[in-house]
>>> print(open('final_24.txt').read())   # compact mmCIF, C-alpha atoms
# COMPACT_ATOMS: atom_id res chain seq x y z
CA MET A 1 23.68 -11.57 -26.45
CA ASN A 2 23.01 -7.84 -26.47
CA LEU A 3 19.73 -7.18 -24.67
CA ASP A 4 19.18 -4.06 -26.78
CA LEU A 5 18.74 -6.31 -29.81
CA LEU A 6 16.04 -8.24 -27.99
CA LYS A 7 14.35 -5.00 -26.97
CA GLY A 8 14.28 -4.00 -30.63
CA LEU A 9 12.68 -7.31 -31.61
CA VAL A 10 10.02 -7.04 -28.89
CA ALA A 11 9.30 -3.45 -29.87
CA PHE A 12 8.91 -4.44 -33.53
CA GLN A 13 6.42 -7.14 -32.59
CA ARG A 14 4.41 -4.56 -30.68
CA TYR A 15 4.53 -1.64 -33.11
CA GLY A 16 4.70 -3.49 -36.43
CA THR A 17 6.93 -1.16 -38.45
CA LEU A 18 10.58 -0.15 -38.42
CA SER A 19 9.72 3.54 -38.19
CA SER A 20 7.41 3.09 -35.19
CA THR A 21 9.97 0.82 -33.53
CA ALA A 22 12.68 3.44 -34.04
CA GLU A 23 10.44 6.17 -32.64
CA HIS A 24 9.65 4.11 -29.54
CA LEU A 25 13.31 3.23 -28.91
CA MET A 26 14.39 6.80 -29.73
CA ILE A 27 16.94 5.67 -32.32
CA THR A 28 17.15 5.93 -36.10
CA GLN A 29 15.40 3.52 -38.45
CA PRO A 30 18.71 2.35 -40.03
CA THR A 31 19.93 1.49 -36.52
CA VAL A 32 16.87 -0.68 -36.02
CA THR A 33 17.41 -2.39 -39.36
CA ARG A 34 21.06 -3.12 -38.59
CA GLY A 35 20.09 -4.45 -35.18
CA MET A 36 17.52 -6.85 -36.63
CA ARG A 37 20.03 -8.21 -39.15
CA ARG A 38 22.67 -8.59 -36.43
CA LEU A 39 20.20 -10.52 -34.28
CA GLU A 40 19.41 -12.85 -37.16
CA ASP A 41 23.16 -13.39 -37.73
CA GLU A 42 23.75 -14.21 -34.06
CA LEU A 43 20.85 -16.67 -33.95
CA GLY A 44 21.61 -18.12 -37.38
CA VAL A 45 17.95 -18.01 -38.45
CA SER A 46 15.68 -15.71 -40.39
CA LEU A 47 13.17 -13.82 -38.25
CA PHE A 48 11.45 -11.70 -40.92
CA ASP A 49 9.43 -12.16 -44.06
CA ARG A 50 10.93 -9.72 -46.62
CA ARG A 51 9.09 -10.91 -49.71
CA VAL A 52 7.14 -7.66 -50.03
CA SER A 53 9.29 -4.73 -51.12
CA ASN A 54 9.78 -1.98 -48.48
CA HIS A 55 7.77 -3.95 -45.98
CA ILE A 56 8.86 -6.61 -43.52
CA LYS A 57 6.99 -8.60 -40.94
CA LEU A 58 7.88 -11.29 -38.45
CA ASN A 59 7.78 -14.84 -39.75
CA GLU A 60 6.70 -17.73 -37.56
CA THR A 61 10.16 -18.11 -36.03
CA GLY A 62 10.31 -14.35 -35.48
CA VAL A 63 7.03 -14.33 -33.58
CA TYR A 64 8.28 -17.13 -31.36
CA ALA A 65 11.63 -15.38 -30.84
CA ALA A 66 9.93 -12.09 -29.92
CA THR A 67 7.67 -13.84 -27.40
CA GLU A 68 10.63 -15.58 -25.78
CA ALA A 69 12.65 -12.34 -25.84
CA ALA A 70 9.88 -10.58 -23.91
CA LYS A 71 10.06 -13.28 -21.24
CA LEU A 72 13.84 -12.98 -21.05
CA LEU A 73 13.71 -9.19 -20.71
CA LYS A 74 11.15 -9.46 -17.93
CA ALA A 75 13.36 -11.99 -16.15
CA GLU A 76 16.29 -9.57 -16.47
CA ARG A 77 14.22 -6.73 -14.98
CA ASP A 78 13.03 -8.96 -12.15
CA PHE A 79 16.61 -10.07 -11.49
CA THR A 80 17.84 -6.49 -11.24
CA GLU A 81 14.94 -5.48 -9.01
CA ARG A 82 15.38 -8.42 -6.67
CA VAL A 83 19.12 -7.85 -6.28
CA LEU A 84 18.61 -4.15 -5.52
CA ASN A 85 15.77 -4.89 -3.12
CA TYR A 86 17.85 -7.54 -1.36
CA HIS A 87 20.64 -5.01 -0.93
CA HIS A 88 18.25 -2.43 0.50
CA LEU A 89 16.75 -4.94 2.92
CA ASN A 90 20.19 -5.40 4.48
CA HIS A 91 20.21 -1.71 5.39
CA GLU A 92 16.57 -0.92 6.07
CA ILE A 93 13.34 -2.60 7.02
CA VAL A 94 10.59 -1.55 4.66
CA ILE A 95 7.09 -1.91 6.10
CA GLY A 96 4.11 -1.51 3.80
CA SER A 97 0.43 -1.12 4.53
CA VAL A 98 -2.75 -1.11 2.46
CA ALA A 99 -4.20 1.59 4.75
CA PRO A 100 -2.55 4.33 6.81
CA GLY A 101 -3.86 3.38 10.28
CA PRO A 102 -1.21 0.83 11.34
CA VAL A 103 1.58 2.98 9.91
CA ILE A 104 0.33 6.08 11.75
CA LEU A 105 0.29 4.12 14.99
CA LEU A 106 3.83 2.78 14.54
CA GLU A 107 5.29 6.07 13.31
CA ASN A 108 3.96 7.93 16.32
CA SER A 109 5.08 5.17 18.66
CA LYS A 110 8.75 5.63 17.67
CA ILE A 111 9.30 1.97 16.94
CA SER A 112 12.93 0.92 16.89
CA SER A 113 14.42 -2.02 15.08
CA PRO A 114 16.40 -4.65 17.00
CA ALA A 115 18.64 -4.92 13.93
CA LYS A 116 19.55 -1.20 14.16
CA VAL A 117 18.53 -0.56 10.58
CA LYS A 118 16.39 2.15 9.10
CA ILE A 119 12.64 1.54 9.03
CA ILE A 120 10.68 2.94 6.10
CA PHE A 121 6.90 2.98 5.74
CA GLN A 122 5.07 3.07 2.41
CA ASN A 123 1.59 2.53 1.03
CA VAL A 124 0.88 -0.63 -0.95
CA PHE A 125 -2.02 -1.37 -3.27
CA PRO A 126 -3.79 -4.59 -2.11
CA GLU A 127 -3.34 -6.24 -5.50
CA LYS A 128 0.44 -5.64 -5.29
CA VAL A 129 1.01 -7.23 -1.87
CA ALA A 130 2.09 -10.69 -3.02
CA ASP A 131 4.34 -9.39 -5.80
CA ASN A 132 5.95 -6.82 -3.50
CA LEU A 133 6.77 -9.43 -0.89
CA LYS A 134 8.14 -11.89 -3.45
CA ASN A 135 10.25 -9.15 -5.06
CA LEU A 136 11.53 -8.08 -1.61
CA LYS A 137 10.13 -4.55 -1.83
CA GLU A 138 8.73 -4.83 1.68
CA LYS A 139 9.60 -7.23 4.45
CA LEU A 140 6.26 -6.85 6.25
CA ILE A 141 2.95 -5.56 4.90
CA PHE A 142 -0.16 -4.78 6.93
CA THR A 143 -3.02 -6.20 4.85
CA ASN A 144 -6.80 -6.22 5.22
CA GLN A 145 -7.01 -9.85 4.12
CA GLU A 146 -5.28 -13.00 5.27
CA ILE A 147 -2.79 -14.43 2.78
CA MET A 148 -1.77 -18.08 3.13
CA THR A 149 0.23 -19.52 0.23
CA ASP A 150 3.27 -21.73 -0.18
CA GLU A 151 5.47 -18.62 0.13
CA ILE A 152 3.47 -16.11 2.20
CA GLU A 153 1.74 -16.29 5.56
CA SER A 154 -0.31 -13.83 7.64
CA VAL A 155 -0.98 -13.33 11.32
CA TYR A 156 -4.08 -11.59 12.63
CA LEU A 157 -3.35 -8.22 14.24
CA GLY A 158 -6.69 -6.59 15.01
CA VAL A 159 -9.46 -4.26 13.89
CA GLU A 160 -9.57 -0.58 13.01
CA TYR A 161 -12.75 1.45 13.54
CA LEU A 162 -13.72 4.91 12.34
CA GLY A 163 -15.20 7.75 14.34
CA VAL A 164 -16.32 11.11 13.00
CA GLU A 165 -15.69 14.66 14.22
CA ILE A 166 -18.95 16.58 13.74
CA GLY A 167 -19.58 20.31 14.23
CA LYS A 168 -21.36 21.18 17.46
CA SER A 169 -24.17 22.90 15.56
CA ASN A 170 -25.07 19.62 13.84
CA PRO A 171 -27.77 17.66 15.74
CA LEU A 172 -25.78 14.46 15.17
CA SER A 173 -23.09 15.79 17.51
CA LYS A 174 -25.54 15.31 20.41
CA LYS A 175 -25.94 11.60 19.71
CA THR A 176 -23.98 8.98 21.62
CA SER A 177 -23.25 7.21 18.32
CA VAL A 178 -24.21 7.29 14.65
CA ASN A 179 -24.32 4.78 11.82
CA PHE A 180 -23.37 5.27 8.20
CA ASP A 181 -26.95 5.96 7.15
CA ASP A 182 -27.15 8.83 9.67
CA LEU A 183 -24.32 10.53 7.78
CA ALA A 184 -26.17 10.52 4.43
CA GLY A 185 -25.87 13.63 2.30
CA MET A 186 -22.98 15.17 4.27
CA SER A 187 -19.67 16.43 2.89
CA PHE A 188 -16.50 15.16 4.54
CA LEU A 189 -12.86 16.16 4.62
CA VAL A 190 -10.93 12.96 3.96
CA VAL A 191 -7.23 12.16 3.89
CA GLN A 192 -6.07 10.94 0.49
CA ASP A 193 -4.90 7.32 0.13
CA THR A 194 -7.01 5.69 2.83
CA GLY A 195 -6.86 2.33 1.07
CA PRO A 196 -9.87 0.03 1.60
CA TRP A 197 -11.53 2.63 3.85
CA GLN A 198 -12.29 4.72 0.77
CA ALA A 199 -14.60 2.07 -0.67
CA ILE A 200 -16.18 1.41 2.73
CA VAL A 201 -17.26 5.00 3.33
CA GLU A 202 -18.14 5.75 -0.30
CA ASN A 203 -20.27 2.61 -0.66
CA ASN A 204 -22.05 2.85 2.68
CA ILE A 205 -22.75 6.55 3.26
CA PRO A 206 -25.60 7.49 0.90
CA ASP A 207 -25.34 10.66 -1.22
CA ALA A 208 -22.21 11.87 0.58
CA ALA A 209 -19.43 14.03 -0.88
CA PHE A 210 -15.79 13.38 -0.04
CA LEU A 211 -13.25 16.19 -0.28
CA TYR A 212 -9.96 14.29 -0.49
CA GLN A 213 -6.81 16.04 0.71
CA ALA A 214 -3.31 14.78 -0.03
CA ASP A 215 -1.60 17.44 2.09
CA LEU A 216 -2.17 16.95 5.83
CA ASP A 217 -1.24 20.56 6.61
CA ALA A 218 -3.82 21.76 4.09
CA MET A 219 -6.42 19.46 5.61
CA SER A 220 -5.71 20.80 9.09
CA GLU A 221 -6.00 24.37 7.80
CA ILE A 222 -9.31 23.66 6.06
CA SER A 223 -10.69 21.88 9.13
CA ARG A 224 -9.83 24.85 11.35
CA ASN A 225 -11.60 27.27 9.02
CA SER A 226 -14.66 25.20 8.13
CA LYS A 227 -17.32 23.01 9.67
CA PHE A 228 -16.75 20.00 7.44
CA PRO A 229 -16.78 16.75 9.44
CA TYR A 230 -13.84 14.40 9.14
CA PHE A 231 -13.00 10.82 10.12
CA PHE A 232 -10.47 9.50 12.59
CA SER A 233 -9.78 5.98 13.81
CA ASN A 234 -8.72 4.12 16.91
CA LEU A 235 -5.27 3.76 15.32
CA SER A 236 -4.82 7.39 14.27
CA LEU A 237 -5.54 8.78 17.74
CA VAL A 238 -1.84 8.98 18.61
CA SER A 239 -1.17 11.19 15.58
CA SER A 240 -0.32 14.79 16.41
CA ALA A 241 -2.17 15.85 13.25
CA THR A 242 -5.36 14.18 14.50
CA ILE A 243 -5.01 15.78 17.92
CA GLU A 244 -4.24 19.25 16.50
CA ARG A 245 -7.26 19.16 14.20
CA SER A 246 -9.48 18.66 17.24
CA ASP A 247 -8.00 21.50 19.28
CA ASP A 248 -10.39 24.19 18.00
CA GLY A 249 -13.23 22.76 20.13
CA GLY A 250 -15.76 23.32 17.38
CA ARG A 251 -16.43 19.65 16.79
CA VAL A 252 -17.46 16.62 18.83
CA ALA A 253 -16.03 13.14 18.39
CA VAL A 254 -18.90 10.74 17.72
CA PRO A 255 -18.42 6.97 17.41
CA ILE A 256 -19.73 5.22 14.29
CA ASP A 257 -21.58 2.19 15.60
CA ASP A 258 -22.16 0.22 12.43
CA PRO A 259 -21.28 -3.39 11.56
CA ARG A 260 -19.81 -2.16 8.28
CA ASN A 261 -17.39 0.08 10.17
CA ARG A 262 -14.46 -2.26 10.63
CA LEU A 263 -11.24 -3.14 8.86
CA GLU A 264 -9.33 -6.21 9.96
CA PHE A 265 -5.56 -6.15 9.71
CA TYR A 266 -3.01 -8.90 9.25
CA GLY A 267 0.76 -8.87 9.19
CA SER A 268 1.82 -10.57 5.97
CA TYR A 269 5.35 -11.64 5.08
CA LEU A 270 7.38 -14.29 3.28
CA LYS A 271 7.70 -17.51 5.25
CA SER A 272 11.40 -17.38 4.47
CA ASN A 273 11.52 -14.04 6.35
CA ARG A 274 9.74 -15.35 9.44
CA LYS A 275 12.86 -15.19 11.61
CA LEU A 276 13.65 -11.70 10.34
CA VAL A 277 10.13 -10.40 10.95
CA GLN A 278 9.69 -11.83 14.45
CA PRO A 279 12.05 -9.33 16.15
CA LEU A 280 10.06 -6.55 14.52
CA LEU A 281 6.82 -8.08 15.74
CA LYS A 282 8.35 -8.15 19.19
CA GLU A 283 8.84 -4.40 19.01
CA ILE A 284 5.23 -4.00 17.90
CA ASN A 285 4.24 -6.09 20.89
CA LYS A 286 6.03 -3.58 23.14
CA ILE A 287 3.94 -0.80 21.64
CA GLY A 288 0.82 -2.77 22.52
CA ARG A 289 1.97 -3.04 26.14
CA LYS A 290 2.54 0.73 26.28
CA ILE A 291 -0.97 1.35 24.96
CA ASN A 292 -2.39 -1.07 27.49
CA GLY A 293 -0.44 0.68 30.24
CA GLY A 294 -1.76 4.09 29.25
CA GLN A 295 1.59 5.59 28.24
CA ILE A 296 0.31 6.44 24.76
CA LEU A 297 -3.36 6.84 25.61
CA ALA A 298 -2.39 9.60 28.02
CA MET A 299 -1.58 11.69 24.96
CA ILE A 300 -5.14 11.43 23.66
CA LYS A 301 -7.84 13.94 24.54
CA HIS A 302 -10.52 12.56 26.82
CA GLN A 303 -13.30 13.12 24.30
CA TYR A 304 -11.85 10.39 22.10
CA LEU A 305 -12.28 7.81 24.84
CA LEU A 306 -16.06 8.19 25.00
CA PHE A 307 -16.81 5.41 22.56
CA SER A 308 -19.67 3.02 23.32
CA ARG A 309 -17.32 0.17 22.36
CA PRO A 310 -13.75 0.20 23.72
CA PHE A 311 -10.84 1.18 21.59
CA ALA A 312 -8.83 -1.95 20.96
CA VAL A 313 -5.47 -2.54 19.43
CA PHE A 314 -4.51 -6.15 18.79
CA PHE A 315 -0.99 -7.36 18.28
CA ILE A 316 0.35 -10.86 17.89
CA TYR A 317 3.80 -12.23 18.59
CA PRO A 318 4.90 -15.78 18.15
CA ASN A 319 1.50 -17.45 18.07
CA VAL A 320 0.10 -15.53 21.08
CA ILE A 321 -2.63 -12.96 20.48
CA LEU A 322 -2.65 -10.01 22.86
CA ASN A 323 -6.01 -8.28 23.09
CA LEU A 324 -5.08 -4.84 24.36
CA VAL A 325 -8.21 -2.91 25.30
CA HIS A 326 -8.66 0.47 26.88
CA PRO A 327 -12.21 0.64 28.32
>>> encode(input="final_24.txt", output="structure tokens")
Amino acid sequence: MNLDLLKGLVAFQRYGTLSSTAEHLMITQPTVTRGMRRLEDELGVSLFDRRVSNHIKLNETGVYAATEAAKLLKAERDFTERVLNYHHLNHEIVIGSVAPGPVILLENSKISSPAKVKIIFQNVFPEKVADNLKNLKEKLIFTNQEIMTDEIESVYLGVEYLGVEIGKSNPLSKKTSVNFDDLAGMSFLVVQDTGPWQAIVENNIPDAAFLYQADLDAMSEISRNSKFPYFFSNLSLVSSATIERSDDGGRVAVPIDDPRNRLEFYGSYLKSNRKLVQPLLKEINKIGRKINGGQILAMIKHQYLLFSRPFAVFFIYPNVILNLVHP
């Protein structure tokens, strides 16, 4: 059966008239009419009530047919998407994350895949995690919540914390640590698409303003030519952009010591992909060992290491949690 005929039926159910259906499908009204009659001929049933002159509507069978057609069209779209995603997964490993921290860490650690395929990072909305994994869009997603279902499982990876770079003229820069309430009323430069961190800072810093920047180069330029404070995290410290923004010496890195300042991360994936994901987790484990050995931390300016609590990066590989802490 021609799927275009089903698309016409579904569109008619939604828009209610032949003219609106034609406009939506970008075809002529006579083409729609011929398509509806052809569909009725192929099914061998009447789908429309034509008792009123110059006006038709779906009859009971037509409503049922349109509902079933919508399901069939969705199944066709899902089929196409899954096949394409499966093909891509044979040539690249797509890693998603609900927040940028884990991706920044891995990108700057030059992770390599044991399978010698291309690794791609992309942001994922938390509500899309399960669907993306099931539809094979990503093989591994860093999530801020544990997911345990019949198809998906998660392993605990660790915690991300925020710190804040504050201008030296601000009295808060002299403090050994601050909490969210101390930052009330301030205006911050913030990287766009910070995932769950956006709600954490907006909900817990009273009367603050957040100047979101999608372009990292623009953010670096603004930070060099202003005194706006900005956030960094224990995972973004290896980023050259984070390091470069601190090079002007006009700000001081101050830890945020607040129980609300934490974001737990899990590695979530399809159980059917467990054997495929484990080699990648092994590579992540190697990054953890490098951090623990100081190979990456040596890149970080000393001022970032003055936190009252240690920076910690946690990675897990086959059922063994490694707590990698730099004091």
>>> residues_around(input="final_24.txt", residues="A:Trp197", least_positions_apart="3", cutoff="12 Å", atoms="all atoms listed in the file", output="ChimeraX atom specification")
/A:98-101,144,160-162,190-194,200-205,231-233,260-264
>>> atom_distance(input="final_24.txt", atom1="atom CA of A:Leu183", atom2="atom CA of A:Phe142")
28.6 Å
>>> axis_aligned_box(input="final_24.txt", around="stretch 32-50 of chain A", padding_each_side="4 Å", output="JSON")
{"center_x": 16.6, "center_y": -9.4, "center_z": -40.3, "size_x": 22.3, "size_y": 25.4, "size_z": 20.7}
>>> residues_around(input="final_24.txt", residues="A:Leu270", least_positions_apart="4", cutoff="8 Å", atoms="all atoms listed in the file", output="short mmCIF file (atom, residue, chain, number, x, y, z; two decimals) with C-alpha atoms, in the coordinates of the input")
data_model
loop_
_atom_site.label_atom_id
_atom_site.label_comp_id
_atom_site.auth_asym_id
_atom_site.auth_seq_id
_atom_site.Cartn_x
_atom_site.Cartn_y
_atom_site.Cartn_z
CA LEU A 133 6.77 -9.43 -0.89
CA LYS A 134 8.14 -11.89 -3.45
CA LYS A 139 9.60 -7.23 4.45
CA GLU A 151 5.47 -18.62 0.13
CA ILE A 152 3.47 -16.11 2.20
CA GLU A 153 1.74 -16.29 5.56
CA ARG A 274 9.74 -15.35 9.44
#
>>> closest_residue(input="final_24.txt", among="A:Tyr212, A:Glu68, A:Gly44, A:Gly250", to="A:Ser226", atoms="all atoms listed in the file")
A:Gly250
>>> closest_residue(input="final_24.txt", among="A:Asn273, A:Ala218, A:Asn225, A:Lys174", to="A:Glu138", atoms="all atoms listed in the file")
A:Asn273
>>> atom_distance(input="final_24.txt", atom1="atom CA of A:Leu140", atom2="atom CA of A:Phe125")
13.8 Å
>>> residues_around(input="final_24.txt", residues="A:Thr33", least_positions_apart="5", cutoff="9 Å", atoms="all atoms listed in the file", output="PDB file with C-alpha atoms, in the frame of the given file")
ATOM      1  CA  LEU A  18      10.580  -0.150 -38.420  1.00  0.00           C
ATOM      2  CA  THR A  28      17.150   5.930 -36.100  1.00  0.00           C
ATOM      3  CA  ARG A  38      22.670  -8.590 -36.430  1.00  0.00           C
TER       4      ARG A  38
END
>>> closest_residue(input="final_24.txt", among="A:Val252, A:Phe79, A:Leu276, A:Ala69", to="A:Pro171", atoms="all atoms listed in the file")
A:Val252
>>> atom_distance(input="final_24.txt", atom1="atom CA of A:Val155", atom2="atom CA of A:Asn135")
20.3 Å
>>> closest_residue(input="final_24.txt", among="A:Phe48, A:Phe180, A:Phe188, A:Phe228", to="A:Lys168", atoms="all atoms listed in the file")
A:Phe228
>>> residues_around(input="final_24.txt", residues="A:Asn2", least_positions_apart="2", cutoff="12 Å", atoms="only C-alpha atoms", output="list in words")
Asp4, Leu5, Leu6, Lys7, Gly8, Leu9, Gly35, Met36, Arg38, Leu39, Glu42, Leu43, Ala69, Leu72 and Leu73 of chain A
>>> closest_residue(input="final_24.txt", among="A:Ala214, A:Leu280, A:Leu189, A:Ala22", to="A:Val164", atoms="all atoms listed in the file")
A:Leu189
>>> closest_residue(input="final_24.txt", among="A:Ser173, A:Ser239, A:Thr149, A:Asn179", to="A:Asp258", atoms="all atoms listed in the file")
A:Asn179
>>> decode(input="final_24.txt", residues="stretch 260-270 of chain A", atoms="all heavy atoms", output="PDB file, in the first residue's frame")
ATOM      1  N   ARG A 260      23.826  21.688  47.978  1.00  0.00           N
ATOM      2  CA  ARG A 260      23.055  21.685  46.734  1.00  0.00           C
ATOM      3  C   ARG A 260      23.964  21.700  45.506  1.00  0.00           C
ATOM      4  O   ARG A 260      23.485  21.554  44.372  1.00  0.00           O
ATOM      5  CB  ARG A 260      22.110  22.891  46.709  1.00  0.00           C
ATOM      6  CG  ARG A 260      21.086  22.895  47.837  1.00  0.00           C
ATOM      7  CD  ARG A 260      20.426  24.258  48.000  1.00  0.00           C
ATOM      8  NE  ARG A 260      21.375  25.249  48.523  1.00  0.00           N
ATOM      9  CZ  ARG A 260      21.062  26.502  48.821  1.00  0.00           C
ATOM     10  NH1 ARG A 260      19.811  26.931  48.626  1.00  0.00           N
ATOM     11  NH2 ARG A 260      21.969  27.341  49.288  1.00  0.00           N
ATOM     12  N   ASN A 261      25.240  21.906  45.725  1.00  0.00           N
ATOM     13  CA  ASN A 261      26.202  22.011  44.636  1.00  0.00           C
ATOM     14  C   ASN A 261      26.787  20.649  44.315  1.00  0.00           C
ATOM     15  O   ASN A 261      27.926  20.333  44.647  1.00  0.00           O
ATOM     16  CB  ASN A 261      27.321  22.993  45.039  1.00  0.00           C
ATOM     17  CG  ASN A 261      28.412  23.067  43.982  1.00  0.00           C
ATOM     18  OD1 ASN A 261      28.142  22.910  42.789  1.00  0.00           O
ATOM     19  ND2 ASN A 261      29.640  23.295  44.421  1.00  0.00           N
ATOM     20  N   ARG A 262      26.034  19.817  43.658  1.00  0.00           N
ATOM     21  CA  ARG A 262      26.505  18.500  43.258  1.00  0.00           C
ATOM     22  C   ARG A 262      25.594  17.940  42.164  1.00  0.00           C
ATOM     23  O   ARG A 262      24.383  18.183  42.155  1.00  0.00           O
ATOM     24  CB  ARG A 262      26.572  17.519  44.427  1.00  0.00           C
ATOM     25  CG  ARG A 262      25.247  17.269  45.114  1.00  0.00           C
ATOM     26  CD  ARG A 262      25.388  16.338  46.316  1.00  0.00           C
ATOM     27  NE  ARG A 262      25.646  14.957  45.915  1.00  0.00           N
ATOM     28  CZ  ARG A 262      26.739  14.288  46.228  1.00  0.00           C
ATOM     29  NH1 ARG A 262      27.683  14.862  46.934  1.00  0.00           N
ATOM     30  NH2 ARG A 262      26.895  13.032  45.836  1.00  0.00           N
ATOM     31  N   LEU A 263      26.188  17.227  41.257  1.00  0.00           N
ATOM     32  CA  LEU A 263      25.441  16.573  40.192  1.00  0.00           C
ATOM     33  C   LEU A 263      26.051  15.195  39.983  1.00  0.00           C
ATOM     34  O   LEU A 263      27.202  15.073  39.565  1.00  0.00           O
ATOM     35  CB  LEU A 263      25.516  17.388  38.894  1.00  0.00           C
ATOM     36  CG  LEU A 263      24.518  17.031  37.786  1.00  0.00           C
ATOM     37  CD1 LEU A 263      23.087  17.207  38.278  1.00  0.00           C
ATOM     38  CD2 LEU A 263      24.756  17.904  36.560  1.00  0.00           C
ATOM     39  N   GLU A 264      25.289  14.180  40.355  1.00  0.00           N
ATOM     40  CA  GLU A 264      25.775  12.810  40.196  1.00  0.00           C
ATOM     41  C   GLU A 264      25.633  12.373  38.742  1.00  0.00           C
ATOM     42  O   GLU A 264      24.683  12.748  38.057  1.00  0.00           O
ATOM     43  CB  GLU A 264      24.996  11.859  41.100  1.00  0.00           C
ATOM     44  CG  GLU A 264      25.208  12.102  42.583  1.00  0.00           C
ATOM     45  CD  GLU A 264      24.524  11.055  43.452  1.00  0.00           C
ATOM     46  OE1 GLU A 264      23.612  10.376  42.938  1.00  0.00           O
ATOM     47  OE2 GLU A 264      24.904  10.927  44.631  1.00  0.00           O
ATOM     48  N   PHE A 265      26.596  11.565  38.301  1.00  0.00           N
ATOM     49  CA  PHE A 265      26.556  11.073  36.926  1.00  0.00           C
ATOM     50  C   PHE A 265      26.582   9.557  36.889  1.00  0.00           C
ATOM     51  O   PHE A 265      27.245   8.899  37.701  1.00  0.00           O
ATOM     52  CB  PHE A 265      27.731  11.621  36.112  1.00  0.00           C
ATOM     53  CG  PHE A 265      27.517  13.031  35.649  1.00  0.00           C
ATOM     54  CD1 PHE A 265      28.198  14.076  36.247  1.00  0.00           C
ATOM     55  CD2 PHE A 265      26.630  13.312  34.627  1.00  0.00           C
ATOM     56  CE1 PHE A 265      27.994  15.374  35.837  1.00  0.00           C
ATOM     57  CE2 PHE A 265      26.413  14.601  34.207  1.00  0.00           C
ATOM     58  CZ  PHE A 265      27.103  15.641  34.809  1.00  0.00           C
ATOM     59  N   TYR A 266      25.850   9.049  35.909  1.00  0.00           N
ATOM     60  CA  TYR A 266      25.789   7.610  35.652  1.00  0.00           C
ATOM     61  C   TYR A 266      26.061   7.381  34.168  1.00  0.00           C
ATOM     62  O   TYR A 266      25.758   8.234  33.321  1.00  0.00           O
ATOM     63  CB  TYR A 266      24.403   7.054  35.991  1.00  0.00           C
ATOM     64  CG  TYR A 266      23.999   7.236  37.435  1.00  0.00           C
ATOM     65  CD1 TYR A 266      23.483   8.445  37.890  1.00  0.00           C
ATOM     66  CD2 TYR A 266      24.124   6.190  38.355  1.00  0.00           C
ATOM     67  CE1 TYR A 266      23.120   8.620  39.220  1.00  0.00           C
ATOM     68  CE2 TYR A 266      23.759   6.347  39.683  1.00  0.00           C
ATOM     69  CZ  TYR A 266      23.256   7.565  40.110  1.00  0.00           C
ATOM     70  OH  TYR A 266      22.894   7.732  41.422  1.00  0.00           O
ATOM     71  N   GLY A 267      26.630   6.241  33.864  1.00  0.00           N
ATOM     72  CA  GLY A 267      26.734   5.815  32.470  1.00  0.00           C
ATOM     73  C   GLY A 267      25.565   4.904  32.165  1.00  0.00           C
ATOM     74  O   GLY A 267      25.416   3.846  32.777  1.00  0.00           O
ATOM     75  N   SER A 268      24.718   5.298  31.234  1.00  0.00           N
ATOM     76  CA  SER A 268      23.502   4.541  30.927  1.00  0.00           C
ATOM     77  C   SER A 268      23.580   3.997  29.504  1.00  0.00           C
ATOM     78  O   SER A 268      24.012   4.698  28.581  1.00  0.00           O
ATOM     79  CB  SER A 268      22.261   5.432  31.077  1.00  0.00           C
ATOM     80  OG  SER A 268      22.153   5.912  32.406  1.00  0.00           O
ATOM     81  N   TYR A 269      23.140   2.761  29.327  1.00  0.00           N
ATOM     82  CA  TYR A 269      23.237   2.111  28.029  1.00  0.00           C
ATOM     83  C   TYR A 269      22.266   0.936  27.977  1.00  0.00           C
ATOM     84  O   TYR A 269      21.748   0.482  29.004  1.00  0.00           O
ATOM     85  CB  TYR A 269      24.669   1.612  27.784  1.00  0.00           C
ATOM     86  CG  TYR A 269      25.221   0.775  28.910  1.00  0.00           C
ATOM     87  CD1 TYR A 269      25.019  -0.608  28.962  1.00  0.00           C
ATOM     88  CD2 TYR A 269      25.932   1.362  29.955  1.00  0.00           C
ATOM     89  CE1 TYR A 269      25.510  -1.378  30.002  1.00  0.00           C
ATOM     90  CE2 TYR A 269      26.424   0.610  31.007  1.00  0.00           C
ATOM     91  CZ  TYR A 269      26.217  -0.755  31.027  1.00  0.00           C
ATOM     92  OH  TYR A 269      26.691  -1.511  32.071  1.00  0.00           O
ATOM     93  N   LEU A 270      22.014   0.450  26.775  1.00  0.00           N
ATOM     94  CA  LEU A 270      21.173  -0.731  26.611  1.00  0.00           C
ATOM     95  C   LEU A 270      21.905  -1.958  27.154  1.00  0.00           C
ATOM     96  O   LEU A 270      23.105  -2.135  26.911  1.00  0.00           O
ATOM     97  CB  LEU A 270      20.842  -0.950  25.137  1.00  0.00           C
ATOM     98  CG  LEU A 270      19.888   0.026  24.456  1.00  0.00           C
ATOM     99  CD1 LEU A 270      19.722  -0.366  23.000  1.00  0.00           C
ATOM    100  CD2 LEU A 270      18.540   0.071  25.150  1.00  0.00           C
TER     101      LEU A 270
END
